[in-house]
$ cat final-v1.csv   # CSV, C-alpha atoms and all ligand atoms
chain,number,residue,atom,x,y,z
A,1,MET,CA,7.8,11.1,-27.8
A,2,MET,CA,7.8,12.7,-24.4
A,3,LEU,CA,9.4,16.1,-24.3
A,4,LEU,CA,11.6,16.2,-21.2
A,5,SER,CA,14.0,18.8,-19.8
A,6,SER,CA,17.5,17.5,-19.2
A,7,VAL,CA,16.9,17.3,-15.4
A,8,GLU,CA,13.7,15.2,-16.2
A,9,THR,CA,15.6,13.0,-18.5
A,10,THR,CA,18.1,12.2,-15.8
A,11,PHE,CA,15.4,11.7,-13.2
A,12,VAL,CA,13.3,9.5,-15.5
A,13,GLU,CA,15.7,7.5,-17.6
A,14,ASP,CA,18.4,6.8,-15.0
A,15,GLN,CA,15.9,5.7,-12.4
A,16,ALA,CA,14.0,3.5,-14.9
A,17,SER,CA,17.1,1.7,-16.0
A,18,GLU,CA,18.2,0.9,-12.4
A,19,PHE,CA,14.6,0.0,-11.5
A,20,LEU,CA,14.4,-2.4,-14.4
A,21,ALA,CA,17.8,-4.0,-13.7
A,22,ARG,CA,16.9,-4.6,-10.0
A,23,MET,CA,13.5,-6.0,-10.8
A,24,LEU,CA,14.9,-8.4,-13.4
A,25,ARG,CA,17.5,-9.6,-10.8
A,26,ARG,CA,14.8,-10.0,-8.2
A,27,LEU,CA,12.7,-12.1,-10.6
A,28,GLY,CA,15.8,-14.1,-11.7
A,29,SER,CA,15.5,-13.1,-15.4
A,30,ASP,CA,18.1,-12.1,-17.9
A,31,SER,CA,15.9,-9.9,-19.9
A,32,LEU,CA,12.4,-8.4,-20.2
A,33,ALA,CA,11.7,-10.5,-23.2
A,34,ALA,CA,12.3,-13.7,-21.2
A,35,LEU,CA,9.7,-12.8,-18.6
A,36,LYS,CA,6.2,-14.3,-18.8
A,37,PRO,CA,3.7,-11.5,-18.7
A,38,VAL,CA,1.9,-11.5,-15.4
A,39,THR,CA,-1.2,-10.2,-17.2
A,40,SER,CA,-1.4,-13.6,-19.1
A,41,GLU,CA,-2.3,-15.2,-15.8
A,42,PRO,CA,-5.8,-15.2,-14.3
A,43,ALA,CA,-6.2,-13.8,-10.7
A,44,ALA,CA,-4.8,-16.2,-8.1
A,45,GLU,CA,-6.5,-17.0,-4.8
A,46,LEU,CA,-3.9,-16.7,-2.1
A,47,THR,CA,-2.8,-19.8,-0.3
A,48,VAL,CA,-3.7,-19.5,3.4
A,49,ILE,CA,-1.0,-20.6,5.8
A,50,PRO,CA,-2.4,-22.1,9.0
A,51,VAL,CA,-0.8,-20.8,12.2
A,52,ALA,CA,-1.2,-22.7,15.4
A,53,ASP,CA,0.1,-20.1,17.9
A,54,PRO,CA,0.8,-16.5,17.0
A,55,LEU,CA,3.0,-16.2,20.1
A,56,ALA,CA,5.3,-19.1,19.1
A,57,LEU,CA,5.6,-19.6,15.3
A,58,SER,CA,7.3,-22.8,14.2
A,59,SER,CA,10.2,-22.5,11.8
A,60,ALA,CA,8.0,-24.1,9.0
A,61,GLU,CA,5.3,-21.4,9.6
A,62,ARG,CA,7.9,-18.7,9.6
A,63,ASP,CA,9.4,-19.9,6.4
A,64,ALA,CA,6.0,-20.2,4.6
A,65,LEU,CA,4.9,-16.7,5.7
A,66,THR,CA,8.3,-15.2,4.6
A,67,ALA,CA,8.1,-17.0,1.2
A,68,SER,CA,4.6,-15.7,0.5
A,69,PHE,CA,5.4,-12.2,1.5
A,70,ARG,CA,8.5,-12.3,-0.7
A,71,SER,CA,6.6,-13.8,-3.6
A,72,ARG,CA,5.7,-11.7,-6.6
A,73,HIS,CA,2.2,-11.1,-5.1
A,74,GLY,CA,3.8,-9.6,-1.9
A,75,VAL,CA,1.1,-11.0,0.4
A,76,ALA,CA,1.3,-13.6,3.2
A,77,ALA,CA,-2.2,-14.8,4.0
A,78,PHE,CA,-2.7,-16.7,7.3
A,79,ALA,CA,-5.4,-18.2,9.5
A,80,LEU,CA,-5.0,-18.9,13.2
A,81,THR,CA,-6.3,-22.4,14.0
A,82,ALA,CA,-7.4,-21.3,17.5
A,83,PRO,CA,-7.9,-17.5,17.5
A,84,PRO,CA,-7.8,-16.0,21.0
A,85,PRO,CA,-10.9,-14.0,22.3
A,86,LEU,CA,-11.3,-10.4,21.2
A,87,GLY,CA,-9.4,-8.1,23.5
A,88,SER,CA,-6.6,-10.6,24.2
A,89,LEU,CA,-3.1,-9.0,24.7
A,90,PRO,CA,-0.8,-8.9,22.9
A,91,HIS,CA,-2.9,-8.6,19.8
A,92,PRO,CA,-2.3,-11.7,17.7
A,93,LEU,CA,-1.4,-9.7,14.6
A,94,LEU,CA,1.4,-7.8,16.6
A,95,ALA,CA,2.6,-11.1,18.2
A,96,LEU,CA,2.9,-12.8,14.9
A,97,ALA,CA,4.6,-9.8,13.2
A,98,ASP,CA,7.0,-9.5,16.0
A,99,GLN,CA,8.5,-12.9,15.2
A,100,LEU,CA,8.9,-12.0,11.6
A,101,SER,CA,10.3,-8.5,12.0
A,102,ASP,CA,13.9,-9.3,11.0
A,103,ARG,CA,12.8,-11.2,7.9
A,104,LEU,CA,10.1,-8.9,6.6
A,105,GLY,CA,11.3,-5.5,7.8
A,106,LEU,CA,8.7,-5.1,10.4
A,107,GLY,CA,11.0,-3.5,13.0
A,108,PHE,CA,9.4,-0.1,13.1
A,109,PRO,CA,5.7,-0.1,14.0
A,110,LEU,CA,3.9,3.1,13.6
A,111,THR,CA,1.4,4.3,16.3
A,112,HIS,CA,-1.5,5.7,14.3
A,113,PRO,CA,-3.7,8.3,16.1
A,114,ALA,CA,-6.8,6.3,15.1
A,115,GLU,CA,-5.6,3.5,17.4
A,116,SER,CA,-6.9,5.5,20.4
A,117,ALA,CA,-9.7,7.5,18.7
A,118,PRO,CA,-12.6,8.2,21.0
A,119,PHE,CA,-15.0,5.9,19.1
A,120,VAL,CA,-12.5,3.0,19.4
A,121,LEU,CA,-12.0,3.5,23.2
A,122,GLU,CA,-15.8,3.7,23.6
A,123,THR,CA,-16.4,0.5,21.6
A,124,PHE,CA,-13.4,-1.6,22.8
A,125,GLY,CA,-12.6,-0.1,26.2
A,126,ARG,CA,-8.9,0.4,25.4
A,127,SER,CA,-6.4,0.5,22.6
A,128,ASP,CA,-4.6,-2.8,21.7
A,129,GLY,CA,-2.1,-1.2,19.5
A,130,THR,CA,-4.0,-1.8,16.2
A,131,THR,CA,-6.3,0.5,14.2
A,132,LYS,CA,-9.9,-0.8,14.2
A,133,ILE,CA,-11.7,-0.6,10.9
A,134,PHE,CA,-15.4,-1.3,10.9
A,135,ASP,CA,-18.7,0.2,9.9
A,136,VAL,CA,-19.2,3.0,12.4
A,137,GLY,CA,-22.4,4.2,10.7
A,138,GLY,CA,-23.4,7.7,9.6
A,139,MET,CA,-21.0,10.1,7.9
A,140,SER,CA,-17.4,8.8,8.2
A,141,HIS,CA,-14.3,8.1,6.3
A,142,GLU,CA,-14.8,5.7,3.4
A,143,ALA,CA,-12.7,3.0,5.2
A,144,LEU,CA,-15.2,3.1,8.0
A,145,THR,CA,-18.2,2.1,5.9
A,146,PRO,CA,-19.1,-1.2,4.2
A,147,ARG,CA,-18.7,0.4,0.7
A,148,PRO,CA,-16.0,-0.8,-1.7
A,149,LEU,CA,-12.5,0.7,-1.2
A,150,PRO,CA,-10.8,1.3,-4.6
A,151,PRO,CA,-7.2,0.2,-5.1
A,152,HIS,CA,-4.6,2.2,-3.1
A,153,PHE,CA,-1.4,2.1,-1.1
A,154,ASP,CA,-1.6,2.7,2.6
A,155,GLY,CA,0.1,5.8,4.1
A,156,THR,CA,-0.7,8.4,1.5
A,157,GLY,CA,0.6,11.3,3.6
A,158,ASN,CA,3.5,9.4,5.2
A,159,ALA,CA,6.0,10.1,2.4
A,160,CYS,CA,5.8,6.5,1.2
A,161,GLY,CA,7.5,5.4,4.4
A,162,VAL,CA,4.9,2.7,5.2
A,163,VAL,CA,6.7,-0.4,3.9
A,164,ALA,CA,4.3,-3.0,5.1
A,165,PHE,CA,0.9,-3.4,6.8
A,166,GLY,CA,-1.0,-6.3,8.4
A,167,LEU,CA,-4.7,-7.0,8.6
A,168,TYR,CA,-6.5,-9.4,11.0
A,169,ILE,CA,-10.1,-10.3,11.3
A,170,ASP,CA,-11.4,-9.8,14.9
A,171,GLY,CA,-15.0,-10.0,13.8
A,172,ALA,CA,-16.4,-11.6,10.7
A,173,PRO,CA,-19.4,-10.1,8.9
A,174,GLY,CA,-22.4,-11.9,7.4
A,175,GLN,CA,-21.0,-11.4,3.9
A,176,ALA,CA,-17.3,-10.8,3.7
A,177,PRO,CA,-15.6,-8.7,1.1
A,178,VAL,CA,-12.9,-9.8,-1.3
A,179,ASN,CA,-9.5,-8.2,-0.6
A,180,TYR,CA,-7.5,-8.0,-3.8
A,181,PHE,CA,-3.9,-7.2,-4.6
A,182,GLN,CA,-1.6,-6.4,-7.5
A,183,ASN,CA,2.1,-5.9,-7.5
A,184,ILE,CA,2.6,-2.7,-9.5
A,185,ALA,CA,6.4,-3.0,-9.7
A,186,VAL,CA,6.0,-6.4,-11.4
A,187,LEU,CA,2.9,-5.4,-13.4
A,188,ALA,CA,4.9,-2.4,-14.8
A,189,LEU,CA,7.3,-4.8,-16.5
A,190,ASP,CA,4.5,-6.0,-18.8
A,191,LEU,CA,4.1,-2.4,-19.8
A,192,ALA,CA,7.8,-2.0,-20.3
A,193,ALA,CA,7.8,-4.9,-22.7
A,194,ALA,CA,4.8,-3.6,-24.7
A,195,ASP,CA,5.1,0.2,-24.5
A,196,GLU,CA,8.4,1.5,-23.3
A,197,GLU,CA,7.4,5.2,-23.4
A,198,ALA,CA,4.4,4.5,-21.2
A,199,PHE,CA,6.6,2.7,-18.8
A,200,LEU,CA,9.1,5.6,-18.7
A,201,SER,CA,6.3,8.1,-18.0
A,202,LEU,CA,5.6,6.4,-14.7
A,203,PHE,CA,8.9,7.8,-13.4
A,204,LEU,CA,8.0,11.4,-14.1
A,205,PRO,CA,8.5,13.3,-10.8
A,206,ASP,CA,4.9,14.5,-10.8
A,207,ALA,CA,3.3,11.5,-12.7
A,208,ILE,CA,0.3,11.4,-10.3
A,209,THR,CA,-1.3,14.1,-8.2
A,210,VAL,CA,-3.9,13.5,-5.4
A,211,LEU,CA,-5.9,15.9,-3.4
A,212,TRP,CA,-6.1,14.2,0.0
A,213,GLN,CA,-7.0,15.5,3.5
A,214,ASP,CA,-6.4,19.2,2.6
A,215,LEU,CA,-3.1,18.4,0.9
A,216,ARG,CA,-2.0,18.2,-2.7
A,217,ILE,CA,0.5,15.4,-3.2
A,218,SER,CA,2.4,14.9,-6.5
A,219,ARG,CA,4.8,12.0,-6.9
A,220,PRO,CA,6.2,9.4,-9.4
A,221,ILE,CA,4.3,6.2,-9.8
A,222,LEU,CA,7.6,4.2,-10.0
A,223,PHE,CA,10.8,5.3,-8.3
A,224,LEU,CA,13.8,4.1,-6.2
A,225,ASP,CA,13.4,4.2,-2.5
A,226,PRO,CA,16.1,5.7,-0.1
A,227,ASP,CA,18.0,2.4,-0.3
A,228,GLY,CA,17.9,2.4,-4.2
A,229,GLN,CA,15.2,-0.4,-4.3
A,230,PRO,CA,12.2,-0.3,-6.6
A,231,GLN,CA,9.0,1.2,-5.1
A,232,ALA,CA,5.6,1.9,-6.6
A,233,TRP,CA,2.7,4.2,-5.6
A,234,PHE,CA,-0.7,4.6,-7.2
A,235,ARG,CA,-4.3,5.0,-6.2
A,236,ALA,CA,-7.7,5.2,-7.7
A,237,PRO,CA,-10.1,8.1,-6.8
A,238,ASP,CA,-12.9,7.7,-4.2
A,239,ALA,CA,-15.6,9.9,-2.7
A,240,GLU,CA,-12.9,11.8,-0.7
A,241,ILE,CA,-9.8,11.8,-2.9
A,242,SER,CA,-9.3,13.1,-6.4
A,243,VAL,CA,-6.6,11.7,-8.6
A,244,ALA,CA,-5.0,13.0,-11.8
A,245,VAL,CA,-2.0,12.2,-13.9
A,246,ARG,CA,0.3,14.9,-15.4
A,247,PRO,CA,-1.8,16.6,-18.1
A,248,GLY,CA,-0.8,16.6,-21.7
A,249,CYS,CA,1.2,13.4,-21.6
A,250,PRO,CA,-0.4,10.7,-23.8
A,251,PRO,CA,2.2,7.9,-22.8
A,252,LEU,CA,1.2,8.5,-19.1
A,253,GLU,CA,-2.5,8.4,-20.0
A,254,ARG,CA,-1.8,5.0,-21.6
A,255,ALA,CA,0.1,3.9,-18.6
A,256,ARG,CA,-2.7,4.9,-16.2
A,257,ALA,CA,-5.3,3.1,-18.3
A,258,PHE,CA,-3.1,0.0,-18.2
A,259,ILE,CA,-2.8,0.2,-14.4
A,260,ASP,CA,-6.5,1.0,-13.9
A,261,GLU,CA,-7.5,-2.1,-16.0
A,262,HIS,CA,-5.2,-4.3,-14.0
A,263,THR,CA,-6.0,-3.1,-10.5
A,264,ARG,CA,-9.7,-4.0,-10.6
A,265,PRO,CA,-10.9,-6.9,-8.4
A,266,CYS,CA,-9.7,-10.2,-9.8
A,267,ALA,CA,-7.8,-8.6,-12.7
A,268,HIS,CA,-5.3,-10.8,-14.6
A,269,GLY,CA,-2.0,-11.0,-12.7
A,270,SER,CA,-3.6,-10.1,-9.4
A,271,SER,CA,-4.3,-12.1,-6.2
A,272,TYR,CA,-7.2,-12.1,-3.8
A,273,ILE,CA,-8.5,-13.6,-0.6
A,274,ARG,CA,-11.8,-13.6,1.3
A,275,LEU,CA,-11.2,-12.9,4.9
A,276,ASP,CA,-14.4,-14.4,6.3
A,277,GLN,CA,-13.3,-16.1,9.5
A,278,VAL,CA,-12.1,-14.6,12.8
A,279,GLY,CA,-8.3,-15.3,13.0
A,280,GLY,CA,-7.7,-14.8,9.3
A,281,GLY,CA,-5.3,-12.1,8.1
A,282,CYS,CA,-2.5,-11.1,5.9
A,283,LEU,CA,0.8,-9.2,5.8
A,284,VAL,CA,1.3,-7.1,2.7
A,285,ASP,CA,4.4,-5.5,1.1
A,286,ASN,CA,3.2,-1.9,0.8
A,287,THR,CA,6.2,-0.8,-1.2
A,288,ALA,CA,5.0,-2.5,-4.4
A,289,THR,CA,1.6,-4.2,-3.9
A,290,ILE,CA,-1.5,-2.2,-4.2
A,291,HIS,CA,-4.7,-3.3,-2.5
A,292,GLY,CA,-8.5,-2.8,-2.6
A,293,ARG,CA,-11.6,-4.3,-1.1
A,294,THR,CA,-15.1,-5.0,-2.4
A,295,GLY,CA,-18.2,-4.0,-0.4
A,296,TYR,CA,-19.5,-6.2,2.4
A,297,ALA,CA,-22.6,-6.6,4.6
A,298,ASP,CA,-22.7,-7.1,8.3
A,299,ALA,CA,-25.3,-9.7,9.4
A,300,SER,CA,-28.7,-8.2,10.3
A,301,ASP,CA,-29.9,-11.1,12.5
A,302,ASP,CA,-27.2,-12.2,14.9
A,303,GLY,CA,-25.3,-8.9,14.8
A,304,ALA,CA,-22.1,-10.5,13.4
A,305,ARG,CA,-20.0,-7.6,12.1
A,306,ARG,CA,-16.7,-7.1,10.5
A,307,ILE,CA,-14.0,-5.8,12.7
A,308,LEU,CA,-10.7,-5.5,11.0
A,309,SER,CA,-7.5,-4.7,12.9
A,310,ARG,CA,-4.7,-3.1,11.0
A,311,LYS,CA,-1.1,-2.2,11.7
A,312,TRP,CA,1.5,-0.2,9.7
A,313,TRP,CA,5.3,-0.7,9.7
A,314,VAL,CA,7.6,2.1,8.4
A,315,ARG,CA,11.0,2.0,6.9
A,316,SER,CA,13.0,3.5,9.7
A,317,ALA,CA,12.8,5.4,13.0
A,318,THR,CA,12.7,8.6,11.0
A,319,ASP,CA,9.3,7.7,9.6
A,320,GLN,CA,7.9,6.4,12.9
A,321,ASN,CA,6.1,9.6,13.9
A,322,TYR,CA,2.7,9.8,12.3
A,323,ARG,CA,2.5,12.9,10.1
A,324,ILE,CA,0.8,14.3,7.0
A,325,CYS,CA,3.2,15.8,4.5
A,326,PRO,CA,3.2,16.4,0.8
A,327,GLY,CA,6.7,15.0,0.0
A,328,THR,CA,8.0,11.6,-0.9
A,329,ARG,CA,11.1,10.0,0.5
A,330,ILE,CA,13.0,8.6,-2.5
A,331,ASP,CA,16.7,7.8,-3.4
A,332,GLU,CA,18.7,10.9,-2.5
A,333,ARG,CA,20.6,10.9,-5.8
A,334,PHE,CA,17.3,11.7,-7.6
A,335,GLY,CA,15.4,13.4,-4.8
A,336,ARG,CA,17.8,16.3,-4.7
A,337,LEU,CA,16.8,17.2,-8.3
A,338,TYR,CA,13.3,18.2,-7.1
A,339,PRO,CA,13.6,19.5,-3.5
A,340,GLU,CA,10.0,20.9,-3.6
A,341,LEU,CA,8.7,17.3,-4.0
A,342,PHE,CA,11.4,15.2,-2.2
A,343,GLY,CA,13.4,17.6,0.0
A,344,PRO,CA,13.5,17.7,3.8
A,345,GLU,CA,10.9,20.5,4.1
A,346,SER,CA,8.4,18.6,2.0
A,347,LEU,CA,8.8,15.6,4.4
A,348,ALA,CA,7.9,17.7,7.5
A,349,ASP,CA,4.4,17.7,9.1
A,350,GLY,CA,2.2,20.8,9.1
A,351,TRP,CA,1.2,21.6,5.4
A,352,VAL,CA,-2.1,22.5,4.0
A,353,TYR,CA,-3.3,23.0,0.4
A,354,ASP,CA,-4.1,26.7,-0.4
A,355,ALA,CA,-6.7,26.3,-3.3
A,356,GLU,CA,-6.5,30.0,-4.1
A,357,ALA,CA,-2.7,30.0,-4.4
A,358,GLY,CA,-2.8,26.5,-6.1
A,359,ARG,CA,-0.1,25.1,-3.8
A,360,ASN,CA,0.7,23.7,-0.4
A,361,VAL,CA,1.7,26.1,2.3
A,362,ARG,CA,3.0,25.6,5.8
A,363,ARG,CA,0.4,26.0,8.4
A,364,GLY,CA,0.6,29.4,10.1
A,365,SER,CA,2.7,30.9,7.3
A,401,FE,FE,-5.7,0.2,2.8
$ encode --input "final-v1.csv" --output "structure tokens" --more "lines below"
Ligand SMILES: [Fe+2]
Amino acid sequence: MMLLSSVETTFVEDQASEFLARMLRRLGSDSLAALKPVTSEPAAELTVIPVADPLALSSAERDALTASFRSRHGVAAFALTAPPPLGSLPHPLLALADQLSDRLGLGFPLTHPAESAPFVLETFGRSDGTTKIFDVGGMSHEALTPRPLPPHFDGTGNACGVVAFGLYIDGAPGQAPVNYFQNIAVLALDLAAADEEAFLSLFLPDAITVLWQDLRISRPILFLDPDGQPQAWFRAPDAEISVAVRPGCPPLERARAFIDEHTRPCAHGSSYIRLDQVGGGCLVDNTATIHGRTGYADASDDGARRILSRKWWVRSATDQNYRICPGTRIDERFGRLYPELFGPESLADGWVYDAEAGRNVRRGS
């Protein structure tokens, strides 16, 4: 059994029971026992919805994209039948998302500093309002190489405020990667049915800790968002980011092993797509669905290279300023129990990890 303080018990058990009730309602099930385990299903290739004109979606296209985004996979994959030339404005991903903003909660786009990074302006001449992800060569962030990207949620330092993101292929490589997805909030119900204690451990306030961009971020893996809705967060380590779960907690170690196993490419219960054509893309529910990418290879002969355009949408205007903070914005009823992890100060920009002190400190303090 996990030994929890009384505050932890409230934080973990009350959130877990609300989380479970809301997920069952969402999935239209009376009980956990009545749910078919998602891990009994082989990985599903996503159905690609053809889109004729990203500036004028038909109601059938809108309905199909909404249904896919709201499905248990949390991903709407699409392909433009006649993609405009690179550099066209508005960018097709933004045009398409604009018409779905009410239905999919895409009302608050975030302007990422990388949208107008010098190497982007040098390569493309101007910013088109999306972040460009491609192999820039040399030493660079993992995402800007053709190497595999392990499973993660976007917006690590944004307090879990990035509720959705979109991807769009502006340039297709010689050999495209597989983009894969797993809905952690749904996956966790399989764990709840098989190992309740492991499921509960995912709600610990510091279940997972990452060292990322000079910050140490500790947060639950499952929690309720500011509107009381289920949310998930997890990531695997890569060359730049270390990841640990709370030490000395065997149920959490079992839970992590379960998630690791089921967030590999093409794991049971997951979905995937190969974005290998210009005009292909997807919209992803970043509150519950984790994603990763296998490696890829740009063509060596005709110079065909992968150029991926990405956009983030946040929950509200409060989250619209890009920042790097150690906190997580969760349901206030529970957040106030741990102000150092979820309070207003933890959600402000300007922190850095002090390795000697073993904690985050405000810059300049
Ligand atoms: Fe990502």
$ residues_around --input "final-v1.csv" --residues "region 35-48 of chain A" --least-positions-apart "5" --cutoff "9 Å" --atoms "all atoms listed in the file" --output "number ranges by chain"
A: 24, 27, 29-30, 68, 73, 75-79, 186-187, 189-190, 193, 262, 265-274, 280-282
$ residues_near_ligand --input "final-v1.csv" --ligand "ligand FE 401 (chain A)" --cutoff "7 Å" --atoms "only C-alpha atoms and all ligand atoms" --output "ChimeraX atom specification"
/A:152-154,291-292
$ closest_atom_pairs --input "final-v1.csv" --of "region 208-326 of chain A" --to "region 99-120 of chain A" --cutoff "12 Å" --atoms "all atoms listed in the file" --output "tab-separated table"
residue	atom	partner	partner_atom	distance
A:Leu283	CA	A:Leu104	CA	9.3
A:Val284	CA	A:Leu104	CA	9.8
A:Asp285	CA	A:Leu104	CA	8.6
A:Asn286	CA	A:Gly105	CA	11.3
A:Thr287	CA	A:Gly105	CA	11.4
A:Ile307	CA	A:Val120	CA	11.2
A:Ser309	CA	A:Glu115	CA	9.5
A:Arg310	CA	A:Glu115	CA	9.2
A:Lys311	CA	A:Pro109	CA	7.5
A:Trp312	CA	A:Leu110	CA	5.6
A:Trp313	CA	A:Pro109	CA	4.4
A:Val314	CA	A:Phe108	CA	5.5
A:Arg315	CA	A:Phe108	CA	6.7
A:Ser316	CA	A:Phe108	CA	6.1
A:Ala317	CA	A:Phe108	CA	6.5
A:Thr318	CA	A:Phe108	CA	9.5
A:Asp319	CA	A:Leu110	CA	8.1
A:Gln320	CA	A:Leu110	CA	5.2
A:Asn321	CA	A:Leu110	CA	6.9
A:Tyr322	CA	A:His112	CA	6.2
A:Arg323	CA	A:His112	CA	9.2
A:Ile324	CA	A:His112	CA	11.5
$ closest_residue --input "final-v1.csv" --among "A:Leu167, A:Val178, A:Val51, A:Ala288" --to "Leu224 (chain A)" --atoms "all atoms listed in the file"
A:Ala288
$ residues_around --input "final-v1.csv" --residues "Gln229 (chain A)" --least-positions-apart "5" --cutoff "9 Å" --atoms "only C-alpha atoms" --output "count of residues only"
7
$ closest_residue --input "final-v1.csv" --among "A:Ala236, A:Ala297, A:Val162, A:Ala357" --to "Arg216 (chain A)" --atoms "only C-alpha atoms"
A:Ala357
$ atom_distance --input "final-v1.csv" --atom1 "CA of Gly171 (chain A)" --atom2 "CA of Val278 (chain A)"
5.5 Å
$ closest_residue --input "final-v1.csv" --among "A:Leu89, A:Ala304, A:Ala172, A:Leu20" --to "Leu32 (chain A)" --atoms "only C-alpha atoms"
A:Leu20
$ residues_around --input "final-v1.csv" --residues "Arg235 (chain A)" --least-positions-apart "3" --cutoff "10 Å" --atoms "only C-alpha atoms" --output "number ranges by chain"
A: 150-154, 156, 208-210, 221, 238, 241-244, 259-260, 263, 290-292
$ closest_residue --input "final-v1.csv" --among "A:Leu57, A:Ala239, A:Ile184, A:Val163" --to "Ala143 (chain A)" --atoms "all atoms listed in the file"
A:Ala239
$ residues_around --input "final-v1.csv" --residues "Ile330 (chain A)" --least-positions-apart "4" --cutoff "12 Å" --atoms "all atoms listed in the file" --output "MDAnalysis selection string"
chainID A and resid 11 15 159:161 203 205 219:233 287 315 334:339 341:344 346:347
$ write_last_selection --input "final-v1.csv" --atoms "C-alpha atoms" --output "compact mmCIF listing (two decimals), in the frame of the given file"
# COMPACT_ATOMS: atom_id res chain seq x y z
CA PHE A 11 15.40 11.70 -13.20
CA GLN A 15 15.90 5.70 -12.40
CA ALA A 159 6.00 10.10 2.40
CA CYS A 160 5.80 6.50 1.20
CA GLY A 161 7.50 5.40 4.40
CA PHE A 203 8.90 7.80 -13.40
CA PRO A 205 8.50 13.30 -10.80
CA ARG A 219 4.80 12.00 -6.90
CA PRO A 220 6.20 9.40 -9.40
CA ILE A 221 4.30 6.20 -9.80
CA LEU A 222 7.60 4.20 -10.00
CA PHE A 223 10.80 5.30 -8.30
CA LEU A 224 13.80 4.10 -6.20
CA ASP A 225 13.40 4.20 -2.50
CA PRO A 226 16.10 5.70 -0.10
CA ASP A 227 18.00 2.40 -0.30
CA GLY A 228 17.90 2.40 -4.20
CA GLN A 229 15.20 -0.40 -4.30
CA PRO A 230 12.20 -0.30 -6.60
CA GLN A 231 9.00 1.20 -5.10
CA ALA A 232 5.60 1.90 -6.60
CA TRP A 233 2.70 4.20 -5.60
CA THR A 287 6.20 -0.80 -1.20
CA ARG A 315 11.00 2.00 6.90
CA PHE A 334 17.30 11.70 -7.60
CA GLY A 335 15.40 13.40 -4.80
CA ARG A 336 17.80 16.30 -4.70
CA LEU A 337 16.80 17.20 -8.30
CA TYR A 338 13.30 18.20 -7.10
CA PRO A 339 13.60 19.50 -3.50
CA LEU A 341 8.70 17.30 -4.00
CA PHE A 342 11.40 15.20 -2.20
CA GLY A 343 13.40 17.60 0.00
CA PRO A 344 13.50 17.70 3.80
CA SER A 346 8.40 18.60 2.00
CA LEU A 347 8.80 15.60 4.40
$ decode --input "final-v1.csv" --residues "region 129-141 of chain A" --atoms "N, CA and C atoms" --output "PDB file, in the first residue's frame"
ATOM      1  N   GLY A 129       3.525  32.586 -38.975  1.00  0.00           N
ATOM      2  CA  GLY A 129       2.689  32.313 -37.802  1.00  0.00           C
ATOM      3  C   GLY A 129       2.742  30.875 -37.333  1.00  0.00           C
ATOM      4  N   THR A 130       3.605  30.050 -37.955  1.00  0.00           N
ATOM      5  CA  THR A 130       3.793  28.674 -37.473  1.00  0.00           C
ATOM      6  C   THR A 130       5.265  28.469 -37.124  1.00  0.00           C
ATOM      7  N   THR A 131       5.517  27.475 -36.275  1.00  0.00           N
ATOM      8  CA  THR A 131       6.888  27.090 -35.943  1.00  0.00           C
ATOM      9  C   THR A 131       7.365  26.080 -36.985  1.00  0.00           C
ATOM     10  N   LYS A 132       8.536  26.323 -37.562  1.00  0.00           N
ATOM     11  CA  LYS A 132       9.057  25.420 -38.594  1.00  0.00           C
ATOM     12  C   LYS A 132      10.003  24.401 -37.957  1.00  0.00           C
ATOM     13  N   ILE A 133       9.719  23.135 -38.215  1.00  0.00           N
ATOM     14  CA  ILE A 133      10.535  22.062 -37.647  1.00  0.00           C
ATOM     15  C   ILE A 133      11.161  21.277 -38.796  1.00  0.00           C
ATOM     16  N   PHE A 134      12.472  21.349 -38.889  1.00  0.00           N
ATOM     17  CA  PHE A 134      13.181  20.629 -39.946  1.00  0.00           C
ATOM     18  C   PHE A 134      14.618  20.392 -39.505  1.00  0.00           C
ATOM     19  N   ASP A 135      15.332  19.586 -40.279  1.00  0.00           N
ATOM     20  CA  ASP A 135      16.719  19.258 -39.921  1.00  0.00           C
ATOM     21  C   ASP A 135      17.599  20.463 -40.243  1.00  0.00           C
ATOM     22  N   VAL A 136      18.018  21.179 -39.187  1.00  0.00           N
ATOM     23  CA  VAL A 136      18.828  22.381 -39.431  1.00  0.00           C
ATOM     24  C   VAL A 136      20.322  22.047 -39.519  1.00  0.00           C
ATOM     25  N   GLY A 137      20.674  20.791 -39.197  1.00  0.00           N
ATOM     26  CA  GLY A 137      22.076  20.369 -39.278  1.00  0.00           C
ATOM     27  C   GLY A 137      22.871  20.823 -38.067  1.00  0.00           C
ATOM     28  N   GLY A 138      23.952  20.137 -37.798  1.00  0.00           N
ATOM     29  CA  GLY A 138      24.822  20.515 -36.683  1.00  0.00           C
ATOM     30  C   GLY A 138      24.163  20.272 -35.343  1.00  0.00           C
ATOM     31  N   MET A 139      24.695  20.972 -34.343  1.00  0.00           N
ATOM     32  CA  MET A 139      24.186  20.802 -32.985  1.00  0.00           C
ATOM     33  C   MET A 139      22.903  21.614 -32.817  1.00  0.00           C
ATOM     34  N   SER A 140      21.817  20.960 -32.528  1.00  0.00           N
ATOM     35  CA  SER A 140      20.571  21.710 -32.349  1.00  0.00           C
ATOM     36  C   SER A 140      19.651  20.900 -31.454  1.00  0.00           C
ATOM     37  N   HIS A 141      18.503  21.510 -31.121  1.00  0.00           N
ATOM     38  CA  HIS A 141      17.529  20.791 -30.305  1.00  0.00           C
ATOM     39  C   HIS A 141      17.124  19.492 -31.007  1.00  0.00           C
TER      40      HIS A 141
END
